[in-house]
Amino acid sequence: MAFGPFLLLALMEGLVTSAVLALAAAGLSLVFGVMRVVNVAHGAFFMLGAVLAWAVATFVPGPPAVAFIAALAIAPLAVAALAAAADGLILKRLDYDPEATIVATIGLLYMIEQAALSLYGPNANPVQAPFEWRIQLPWFGYSGYKLFVVLAAALVLLALWAFMTRTKAGLIMRATQVDRTTARAFGINVDRVYMGTFALGAGLAALAGVLIVPISQAHYLMGGDPLLLSFIVVIIGGLGSLRGTLIAALVIGLSDGVISMFFTPTLAKILATLLVAMVLVFRPQGLFGAKA
Amino acid sequence: MALEVQGITAGYGPVTVLNGVNFRAEPGRITCLMGRNGVGKSTFLKCLMGLLPATEGTIHLNGLALEGLPAHEVPKRGLAYVPQGRRLFGPLTVAENLAVGGLVQGNDENTLHRVLTLFPRLRERLTQTAQTLSGGEQQMLAIARALCLNPKVLLLDEPTEGLQPSMITLIQEAVMSLKGQGVAVVLVEQRVDAVLRLADRVSFMLAGRVEETRDVKGLDASDPVFRTYVGV
């Protein structure tokens with residue numbers, strides 16, 4: 001294949017990575033931005049989304065599209081409910097102390113992974129894509145489902161942006177993000193906002209997991225890479241900045257696609273890590289984050 | 001809608017800051033709190049808002065108990081707070097700050113109109129972020145945001161601190177207007193001339209309690225009570 005089509009293929013693969021990464025990282029960024037909680041269990045929520053998608057696809061009868069739509073509806077809601085419970089039972093009791101919640105979410109990560117290992121098993125299982133349509137370009141064919149993932153992620157992120165900037169709930173979350181004490185003085189139930197934010201962040205991670213599982217496979221340890229990449233994206237974009245998260249996800253995803261295709265995936269990870277190191281040295285608050 | 005406080009005690013960890021405060025504020029009257037730095041004036045306002053839990057004592061608004069309520073329930077009972085240093089939601093626009101203020105009473109259009117009539121300058125700045133306003137405009141917004149609650153009692157913590165004279169006049173006129181509307185105003189203020197101009201009563205705090213309460217009528221700047229409690 002000539003260089004041009006090869007580059008196009010690499011960019012398309014990178015775009016799929018960016019889309020999934022943007023969804024997962026947006027959840028992580030939201031949780032940190034509003035709650036100041038560094039959620040180490042975020043990758044486990046991603047994995048749970050994928051595993052639940054497999055479970056729904058296995059047990060819901062009918063064509064793959066029906067099972068997939070059911071998974072899209074059920075898995076993020078179930079994971080969000082689990083996250084809300086974890087917030088009430090663990091994080092709230094720690095009064096959202098930044099250091100204590102890091103340790104607590106590490107514990108949560110191990111609990112979720114071990115539960116998945118016990119109930120789901122150690123094997124990686126595929127989930128059938130909802131449709132098998134392929135787009136035929138002059139140089140190569142490309143999965144229509146992967147393009148659907150990009151479109152779906154873009155629509156969800158657009159909806160998230162509209163939710164945050166155009167709704168009363170979004171206004172309450174942004175006010176709480178700026179100053180939770182003053183928010184309380186204006187009648188905002190901060191505990192409820194935190195619970196909703198943690199659930200929303202986990203739901204976004206789970207949704208990313210559902211979308212990716214027909215491309216990769218569901219496995220109980222699959223949350224590690226998305227967690228690492230989400231942290232890279234959020235650090236580069238600026239903790240708590242949704243705009244920065246999206247731009248950083250595009251940069252990391254596209255560069256990952258291109259470098260992996262032309263060189264090796266390891267080199268892509270090395271360069272991403274170098275980029276994080278440079279951001280931390282020269283602009284610790286991230287490209288779009290506010291100074292502490 | 002009188003605010004009645006009896007024997008409030010509160011503090012930070014092992015440090016007791018308020019040590020049995022008794023206080024009263026009445027509708028349509030401005031009650032000032034004066035005292036040296038660190039006597040507990042700001043802490044007292046935080047305690048009234050539920051932002052700092054009282055360990056002892058009672059707070060009643062028109063007979064209804066407020067002590068022990070979660071902080072987010074207190075504004076629903078009719079108390080609004082303008083904190084020291086304004087504490088605006090800086091990255092949010094003026095309109096969004098006012099919308100947060102109006103959450104409790106459902107962002108009623110009439111209230112917003114009334115508030116913007118009181119502070120017409122804010123009407124021109126609705127789409128501007130709060131952090132880009134001048135100091136005086138930020139203070140107007142802090143008061144306007146609290147007024148969007150339609151409060152029965154307004155707590156103001158040094159609202160004119162660090163402002164230029166023209167802005168101080170504007171803020172003081174607004175406070176007098178609120179008094180005229182029947183709001184009970186509790187004002188923490190350090191400047192004697194402002195207290196004499198605005199207040200109906202003044203409570204002097206010392207070491208975490210209200211030591212003395214006087215009607216402003218009959219007081220002047222040379223009264224020894226100011227030297228005793230404020231040091232001026």
# chains A, B, ... in the order shown; residues from 1 in each chain; ligands from 1
>>> interface_residues(of="chain A", to="chain B", cutoff="9 Å", atoms="only C-alpha atoms", output="MDAnalysis selection string")
chainID A and resid 168 171:172 174:176 178:179 181:190
>>> write_last_selection(atoms="N, CA and C atoms", output="compact mmCIF listing (two decimals), in the first residue's frame")
# COMPACT_ATOMS: atom_id res chain seq x y z
N LYS A 168 -29.44 23.03 34.27
CA LYS A 168 -29.35 23.43 35.68
C LYS A 168 -28.39 22.50 36.43
N LEU A 171 -24.91 23.45 35.66
CA LEU A 171 -24.55 24.68 36.36
C LEU A 171 -24.19 24.37 37.82
N ILE A 172 -24.99 23.52 38.44
CA ILE A 172 -24.74 23.14 39.83
C ILE A 172 -23.39 22.43 39.95
N ARG A 174 -20.80 22.78 37.94
CA ARG A 174 -19.70 23.74 37.71
C ARG A 174 -19.51 24.65 38.92
N ALA A 175 -20.61 25.06 39.54
CA ALA A 175 -20.50 25.91 40.74
C ALA A 175 -19.80 25.13 41.86
N THR A 176 -20.16 23.86 42.01
CA THR A 176 -19.54 23.02 43.05
C THR A 176 -18.06 22.84 42.76
N VAL A 178 -16.10 24.97 41.35
CA VAL A 178 -15.36 26.19 41.69
C VAL A 178 -15.20 26.34 43.20
N ASP A 179 -16.26 26.12 43.97
CA ASP A 179 -16.20 26.40 45.41
C ASP A 179 -17.33 25.65 46.11
N THR A 181 -17.88 25.06 49.28
CA THR A 181 -18.42 25.68 50.50
C THR A 181 -19.47 26.73 50.15
N THR A 182 -19.11 27.59 49.19
CA THR A 182 -20.07 28.63 48.79
C THR A 182 -21.29 27.99 48.12
N ALA A 183 -21.05 26.91 47.37
CA ALA A 183 -22.18 26.22 46.74
C ALA A 183 -23.18 25.76 47.80
N ARG A 184 -22.67 25.25 48.92
CA ARG A 184 -23.55 24.81 50.01
C ARG A 184 -24.38 25.99 50.53
N ALA A 185 -23.72 27.16 50.61
CA ALA A 185 -24.41 28.34 51.14
C ALA A 185 -25.53 28.81 50.21
N PHE A 186 -25.59 28.27 49.01
CA PHE A 186 -26.67 28.63 48.09
C PHE A 186 -27.61 27.45 47.84
N GLY A 187 -27.64 26.55 48.81
CA GLY A 187 -28.65 25.49 48.78
C GLY A 187 -28.28 24.28 47.95
N ILE A 188 -27.02 24.19 47.53
CA ILE A 188 -26.62 23.03 46.71
C ILE A 188 -26.20 21.88 47.64
N ASN A 189 -26.84 20.73 47.42
CA ASN A 189 -26.50 19.54 48.20
C ASN A 189 -25.25 18.91 47.59
N VAL A 190 -24.10 19.29 48.14
CA VAL A 190 -22.82 18.90 47.54
C VAL A 190 -22.62 17.38 47.55
>>> residues_around(residues="B:Thr9", least_positions_apart="3", cutoff="6 Å", atoms="only C-alpha atoms", output="NGL selection string")
:B and (18-20 or 54-56)
>>> select_by_dssp(residues="stretch 44-277 of chain A", states="strand (DSSP E)", output="list in words")
Arg134, Ile135, Gln136, Gly141, Tyr142 and Ser143 of chain A
>>> write_last_selection(atoms="C-alpha atoms", output="compact mmCIF listing (two decimals), in the first residue's frame")
# COMPACT_ATOMS: atom_id res chain seq x y z
CA ARG A 134 -17.74 -2.20 5.80
CA ILE A 135 -16.93 1.00 3.97
CA GLN A 136 -14.99 0.31 0.78
CA GLY A 141 -11.94 -1.62 3.21
CA TYR A 142 -12.68 -0.28 6.69
CA SER A 143 -15.01 -1.38 9.47
>>> select_by_dssp(residues="stretch 62-129 of chain A", states="helix (DSSP H, G or I)", output="PyMOL selection string")
chain A and resi 64-94+98-120
>>> residues_around(residues="A:Ala10", least_positions_apart="5", cutoff="7 Å", atoms="only C-alpha atoms", output="PyMOL selection string")
chain A and resi 257-258+261
>>> write_last_selection(atoms="C-alpha atoms", output="mmCIF file, in the first residue's frame")
data_model
loop_
_atom_site.group_PDB
_atom_site.id
_atom_site.type_symbol
_atom_site.label_atom_id
_atom_site.label_comp_id
_atom_site.auth_asym_id
_atom_site.auth_seq_id
_atom_site.Cartn_x
_atom_site.Cartn_y
_atom_site.Cartn_z
ATOM 1 C CA GLY A 257 -2.431 5.345 15.633
ATOM 2 C CA VAL A 258 0.217 6.792 13.318
ATOM 3 C CA MET A 261 1.302 1.798 12.332
#
>>> residues_around(residues="B:Leu154", least_positions_apart="2", cutoff="12 Å", atoms="only C-alpha atoms", output="VMD selection string")
chain B and resid 1 to 3 25 to 32 45 48 to 49 75 77 to 83 142 to 152 156 to 157 159 175 178 to 179 181 to 188
>>> write_last_selection(atoms="N, CA and C atoms", output="CSV table (one decimal), in the first residue's frame")
chain,number,residue,atom,x,y,z
B,1,MET,N,-39.9,38.2,61.1
B,1,MET,CA,-39.0,37.1,60.9
B,1,MET,C,-37.7,37.4,61.7
B,2,ALA,N,-37.8,37.4,63.0
B,2,ALA,CA,-36.6,37.8,63.7
B,2,ALA,C,-35.7,36.6,63.8
B,3,LEU,N,-34.4,36.8,63.8
B,3,LEU,CA,-33.4,35.8,64.0
B,3,LEU,C,-32.9,35.9,65.4
B,25,ALA,N,-31.5,39.7,65.4
B,25,ALA,CA,-31.6,40.6,64.3
B,25,ALA,C,-33.1,40.6,63.9
B,26,GLU,N,-33.6,41.8,63.6
B,26,GLU,CA,-35.0,42.0,63.3
B,26,GLU,C,-35.3,42.5,61.9
B,27,PRO,N,-36.4,42.2,61.3
B,27,PRO,CA,-36.8,42.6,60.0
B,27,PRO,C,-36.8,44.1,59.8
B,28,GLY,N,-36.3,44.6,58.7
B,28,GLY,CA,-36.3,46.0,58.4
B,28,GLY,C,-35.3,46.8,59.3
B,29,ARG,N,-34.4,46.1,59.9
B,29,ARG,CA,-33.3,46.7,60.7
B,29,ARG,C,-32.0,46.2,60.3
B,30,ILE,N,-31.0,47.1,60.5
B,30,ILE,CA,-29.6,46.7,60.2
B,30,ILE,C,-28.9,46.5,61.5
B,31,THR,N,-28.4,45.3,61.8
B,31,THR,CA,-27.6,45.1,63.0
B,31,THR,C,-26.2,44.8,62.6
B,32,CYS,N,-25.3,45.7,63.2
B,32,CYS,CA,-23.9,45.5,62.9
B,32,CYS,C,-23.2,44.7,63.9
B,45,LEU,N,-21.0,34.2,61.4
B,45,LEU,CA,-21.8,34.2,60.2
B,45,LEU,C,-21.8,32.8,59.6
B,48,LEU,N,-24.0,30.6,61.5
B,48,LEU,CA,-25.5,30.9,61.2
B,48,LEU,C,-25.9,30.2,59.9
B,49,MET,N,-24.9,30.1,59.0
B,49,MET,CA,-25.3,29.5,57.7
B,49,MET,C,-25.1,28.0,57.7
B,75,PRO,N,-30.2,28.0,53.5
B,75,PRO,CA,-30.7,29.1,52.6
B,75,PRO,C,-32.2,28.9,52.3
B,77,ARG,N,-34.4,28.2,54.3
B,77,ARG,CA,-35.2,28.8,55.4
B,77,ARG,C,-35.2,30.3,55.4
B,78,GLY,N,-34.4,30.9,54.4
B,78,GLY,CA,-34.5,32.3,54.3
B,78,GLY,C,-33.2,33.1,54.6
B,79,LEU,N,-32.1,32.4,54.9
B,79,LEU,CA,-30.9,33.1,55.2
B,79,LEU,C,-30.0,33.2,53.9
B,80,ALA,N,-29.4,34.3,53.6
B,80,ALA,CA,-28.5,34.5,52.5
B,80,ALA,C,-27.2,35.1,53.0
B,81,TYR,N,-26.1,34.8,52.4
B,81,TYR,CA,-24.8,35.1,52.9
B,81,TYR,C,-23.9,35.7,51.8
B,82,VAL,N,-23.3,36.8,52.2
B,82,VAL,CA,-22.3,37.4,51.3
B,82,VAL,C,-20.9,37.3,52.0
B,83,PRO,N,-20.1,36.3,51.7
B,83,PRO,CA,-18.9,36.0,52.5
B,83,PRO,C,-17.8,37.1,52.3
B,142,ALA,N,-21.8,39.8,44.3
B,142,ALA,CA,-21.9,38.9,45.5
B,142,ALA,C,-23.2,39.2,46.3
B,143,ILE,N,-23.5,40.5,46.4
B,143,ILE,CA,-24.8,40.9,47.1
B,143,ILE,C,-26.0,40.5,46.2
B,144,ALA,N,-25.9,40.8,44.9
B,144,ALA,CA,-27.0,40.4,44.0
B,144,ALA,C,-27.3,38.9,44.0
B,145,ARG,N,-26.2,38.1,44.0
B,145,ARG,CA,-26.4,36.7,44.0
B,145,ARG,C,-27.1,36.2,45.3
B,146,ALA,N,-26.8,36.9,46.4
B,146,ALA,CA,-27.5,36.5,47.7
B,146,ALA,C,-28.9,37.0,47.6
B,147,LEU,N,-29.2,38.1,47.0
B,147,LEU,CA,-30.6,38.6,47.0
B,147,LEU,C,-31.5,37.8,46.1
B,148,CYS,N,-30.9,37.1,45.1
B,148,CYS,CA,-31.6,36.2,44.3
B,148,CYS,C,-32.3,35.1,45.1
B,149,LEU,N,-31.9,34.9,46.3
B,149,LEU,CA,-32.5,33.9,47.2
B,149,LEU,C,-33.8,34.4,47.8
B,150,ASN,N,-34.1,35.7,47.6
B,150,ASN,CA,-35.2,36.4,48.2
B,150,ASN,C,-35.1,36.2,49.8
B,151,PRO,N,-34.0,36.6,50.4
B,151,PRO,CA,-33.8,36.3,51.8
B,151,PRO,C,-34.6,37.1,52.7
B,152,LYS,N,-34.9,36.5,53.9
B,152,LYS,CA,-35.5,37.2,55.0
B,152,LYS,C,-34.4,37.8,55.9
B,156,LEU,N,-23.9,40.0,55.8
B,156,LEU,CA,-22.9,40.6,54.9
B,156,LEU,C,-21.6,40.7,55.7
B,157,ASP,N,-20.5,40.1,55.2
B,157,ASP,CA,-19.3,40.1,55.9
B,157,ASP,C,-18.3,41.1,55.2
B,159,PRO,N,-18.7,44.0,53.4
B,159,PRO,CA,-18.9,44.1,52.0
B,159,PRO,C,-18.2,45.3,51.3
B,175,VAL,N,-27.8,48.4,50.5
B,175,VAL,CA,-28.1,47.8,51.8
B,175,VAL,C,-29.2,48.6,52.5
B,178,LEU,N,-32.5,47.5,51.0
B,178,LEU,CA,-32.9,46.2,51.5
B,178,LEU,C,-33.6,46.3,52.8
B,179,LYS,N,-33.0,47.2,53.7
B,179,LYS,CA,-33.7,47.5,55.0
B,179,LYS,C,-35.1,48.0,54.7
B,181,GLN,N,-37.0,47.3,52.4
B,181,GLN,CA,-37.9,46.2,51.9
B,181,GLN,C,-38.2,45.2,53.0
B,182,GLY,N,-37.7,45.5,54.2
B,182,GLY,CA,-38.1,44.6,55.3
B,182,GLY,C,-37.1,43.4,55.6
B,183,VAL,N,-36.0,43.4,54.9
B,183,VAL,CA,-35.0,42.4,55.1
B,183,VAL,C,-34.2,42.7,56.4
B,184,ALA,N,-34.0,41.6,57.2
B,184,ALA,CA,-33.2,41.8,58.4
B,184,ALA,C,-31.7,41.7,58.0
B,185,VAL,N,-30.9,42.7,58.1
B,185,VAL,CA,-29.6,42.8,57.6
B,185,VAL,C,-28.6,42.6,58.8
B,186,VAL,N,-27.7,41.6,58.7
B,186,VAL,CA,-26.6,41.5,59.7
B,186,VAL,C,-25.3,41.9,59.0
B,187,LEU,N,-24.7,42.9,59.5
B,187,LEU,CA,-23.5,43.5,58.8
B,187,LEU,C,-22.3,43.4,59.6
B,188,VAL,N,-21.3,42.7,59.2
B,188,VAL,CA,-20.0,42.8,59.9
B,188,VAL,C,-19.2,44.0,59.3
>>> closest_residue(among="B:Val39, B:Ser134, B:Gly13, B:Val225", to="B:Glu212", atoms="only C-alpha atoms")
B:Val225
>>> atom_distance(atom1="atom CA of A:Gln177", atom2="atom CA of B:Leu133")
20.1 Å
>>> residues_around(residues="A:Ala152", least_positions_apart="3", cutoff="12 Å", atoms="only C-alpha atoms", output="list in words")
Val16, Ala19, Val20, Ala22, Leu23, Leu72, Tyr145, Lys146, Leu147, Phe148, Val149, Leu155, Val156, Leu157, Leu158, Ala159, Leu207, Ala208, Val210, Leu211 and Ile212 of chain A
>>> write_last_selection(atoms="N, CA and C atoms", output="PDB file, in the first residue's frame")
ATOM      1  N   VAL A  16     -10.275   6.304  16.132  1.00  0.00           N
ATOM      2  CA  VAL A  16     -11.067   5.386  16.959  1.00  0.00           C
ATOM      3  C   VAL A  16     -10.503   5.368  18.383  1.00  0.00           C
ATOM      4  N   ALA A  19     -11.414   8.572  20.133  1.00  0.00           N
ATOM      5  CA  ALA A  19     -12.823   8.654  20.518  1.00  0.00           C
ATOM      6  C   ALA A  19     -13.069   7.917  21.830  1.00  0.00           C
ATOM      7  N   VAL A  20     -12.559   6.696  21.922  1.00  0.00           N
ATOM      8  CA  VAL A  20     -12.771   5.897  23.129  1.00  0.00           C
ATOM      9  C   VAL A  20     -12.034   6.528  24.312  1.00  0.00           C
ATOM     10  N   ALA A  22     -11.216   9.677  24.651  1.00  0.00           N
ATOM     11  CA  ALA A  22     -11.862  10.939  25.046  1.00  0.00           C
ATOM     12  C   ALA A  22     -13.034  10.663  25.983  1.00  0.00           C
ATOM     13  N   LEU A  23     -13.807   9.627  25.682  1.00  0.00           N
ATOM     14  CA  LEU A  23     -14.949   9.284  26.542  1.00  0.00           C
ATOM     15  C   LEU A  23     -14.469   8.893  27.941  1.00  0.00           C
ATOM     16  N   LEU A  72     -25.615  -1.239  25.594  1.00  0.00           N
ATOM     17  CA  LEU A  72     -25.357   0.211  25.646  1.00  0.00           C
ATOM     18  C   LEU A  72     -26.217   0.890  26.711  1.00  0.00           C
ATOM     19  N   TYR A 145     -18.302  -0.294  11.791  1.00  0.00           N
ATOM     20  CA  TYR A 145     -18.531  -0.203  13.231  1.00  0.00           C
ATOM     21  C   TYR A 145     -17.542   0.765  13.887  1.00  0.00           C
ATOM     22  N   LYS A 146     -16.285   0.739  13.409  1.00  0.00           N
ATOM     23  CA  LYS A 146     -15.285   1.649  13.991  1.00  0.00           C
ATOM     24  C   LYS A 146     -15.681   3.113  13.742  1.00  0.00           C
ATOM     25  N   LEU A 147     -16.223   3.368  12.559  1.00  0.00           N
ATOM     26  CA  LEU A 147     -16.684   4.744  12.279  1.00  0.00           C
ATOM     27  C   LEU A 147     -17.875   5.086  13.177  1.00  0.00           C
ATOM     28  N   PHE A 148     -18.716   4.072  13.426  1.00  0.00           N
ATOM     29  CA  PHE A 148     -19.849   4.280  14.333  1.00  0.00           C
ATOM     30  C   PHE A 148     -19.349   4.650  15.738  1.00  0.00           C
ATOM     31  N   VAL A 149     -18.252   4.001  16.172  1.00  0.00           N
ATOM     32  CA  VAL A 149     -17.687   4.299  17.501  1.00  0.00           C
ATOM     33  C   VAL A 149     -17.282   5.774  17.575  1.00  0.00           C
ATOM     34  N   LEU A 155     -21.012  12.194  19.591  1.00  0.00           N
ATOM     35  CA  LEU A 155     -22.362  12.603  20.009  1.00  0.00           C
ATOM     36  C   LEU A 155     -22.478  12.627  21.539  1.00  0.00           C
ATOM     37  N   VAL A 156     -21.910  11.626  22.189  1.00  0.00           N
ATOM     38  CA  VAL A 156     -21.980  11.577  23.661  1.00  0.00           C
ATOM     39  C   VAL A 156     -21.215  12.764  24.261  1.00  0.00           C
ATOM     40  N   LEU A 157     -20.049  13.066  23.698  1.00  0.00           N
ATOM     41  CA  LEU A 157     -19.266  14.189  24.230  1.00  0.00           C
ATOM     42  C   LEU A 157     -19.970  15.525  23.987  1.00  0.00           C
ATOM     43  N   LEU A 158     -20.636  15.627  22.841  1.00  0.00           N
ATOM     44  CA  LEU A 158     -21.429  16.831  22.553  1.00  0.00           C
ATOM     45  C   LEU A 158     -22.562  16.956  23.574  1.00  0.00           C
ATOM     46  N   ALA A 159     -23.209  15.829  23.856  1.00  0.00           N
ATOM     47  CA  ALA A 159     -24.297  15.826  24.844  1.00  0.00           C
ATOM     48  C   ALA A 159     -23.765  16.190  26.229  1.00  0.00           C
ATOM     49  N   LEU A 207     -19.351   3.225  29.237  1.00  0.00           N
ATOM     50  CA  LEU A 207     -19.829   3.386  27.856  1.00  0.00           C
ATOM     51  C   LEU A 207     -18.677   3.193  26.872  1.00  0.00           C
ATOM     52  N   ALA A 208     -17.511   3.763  27.218  1.00  0.00           N
ATOM     53  CA  ALA A 208     -16.330   3.562  26.371  1.00  0.00           C
ATOM     54  C   ALA A 208     -15.989   2.073  26.289  1.00  0.00           C
ATOM     55  N   VAL A 210     -18.086  -0.454  26.589  1.00  0.00           N
ATOM     56  CA  VAL A 210     -19.080  -1.136  25.744  1.00  0.00           C
ATOM     57  C   VAL A 210     -18.748  -0.905  24.267  1.00  0.00           C
ATOM     58  N   LEU A 211     -18.397   0.328  23.936  1.00  0.00           N
ATOM     59  CA  LEU A 211     -18.132   0.654  22.524  1.00  0.00           C
ATOM     60  C   LEU A 211     -16.900  -0.082  21.997  1.00  0.00           C
ATOM     61  N   ILE A 212     -15.897  -0.280  22.863  1.00  0.00           N
ATOM     62  CA  ILE A 212     -14.632  -0.852  22.385  1.00  0.00           C
ATOM     63  C   ILE A 212     -14.691  -2.375  22.303  1.00  0.00           C
TER      64      ILE A 212
END
>>> residues_around(residues="A:Gly201", least_positions_apart="2", cutoff="6 Å", atoms="only C-alpha atoms", output="list in words")
Gly27, Val31, Phe198, Ala199, Gly203 and Leu204 of chain A
>>> closest_residue(among="B:Val115, B:Leu122, B:Val230, B:Ala65", to="B:Arg191", atoms="only C-alpha atoms")
B:Val230
>>> residues_around(residues="B:Ser203", least_positions_apart="4", cutoff="7 Å", atoms="only C-alpha atoms", output="VMD selection string")
chain B and resid 32 to 34 210 212 to 214
>>> write_last_selection(atoms="N, CA and C atoms", output="short mmCIF file (atom, residue, chain, number, x, y, z; two decimals), in the first residue's frame")
data_model
loop_
_atom_site.label_atom_id
_atom_site.label_comp_id
_atom_site.auth_asym_id
_atom_site.auth_seq_id
_atom_site.Cartn_x
_atom_site.Cartn_y
_atom_site.Cartn_z
N CYS B 32 -25.32 45.67 63.18
CA CYS B 32 -23.89 45.51 62.87
C CYS B 32 -23.20 44.67 63.93
N LEU B 33 -22.20 43.95 63.48
CA LEU B 33 -21.31 43.22 64.39
C LEU B 33 -19.95 43.88 64.31
N MET B 34 -19.45 44.30 65.45
CA MET B 34 -18.11 44.92 65.46
C MET B 34 -17.21 44.20 66.45
N VAL B 210 -20.82 37.98 72.28
CA VAL B 210 -21.31 39.36 72.19
C VAL B 210 -21.32 39.93 73.59
N GLU B 212 -21.71 43.34 74.33
CA GLU B 212 -22.57 44.51 74.56
C GLU B 212 -23.33 44.81 73.26
N THR B 213 -24.61 45.19 73.40
CA THR B 213 -25.40 45.58 72.23
C THR B 213 -26.00 46.96 72.52
N ARG B 214 -25.82 47.86 71.55
CA ARG B 214 -26.29 49.25 71.78
C ARG B 214 -27.10 49.71 70.58
#
>>> atom_distance(atom1="atom CA of A:Arg180", atom2="atom CA of A:Met164")
16.6 Å
>>> closest_residue(among="B:Gly135, B:Gln84, B:Leu141, B:Arg24", to="B:Leu112", atoms="only C-alpha atoms")
B:Leu141
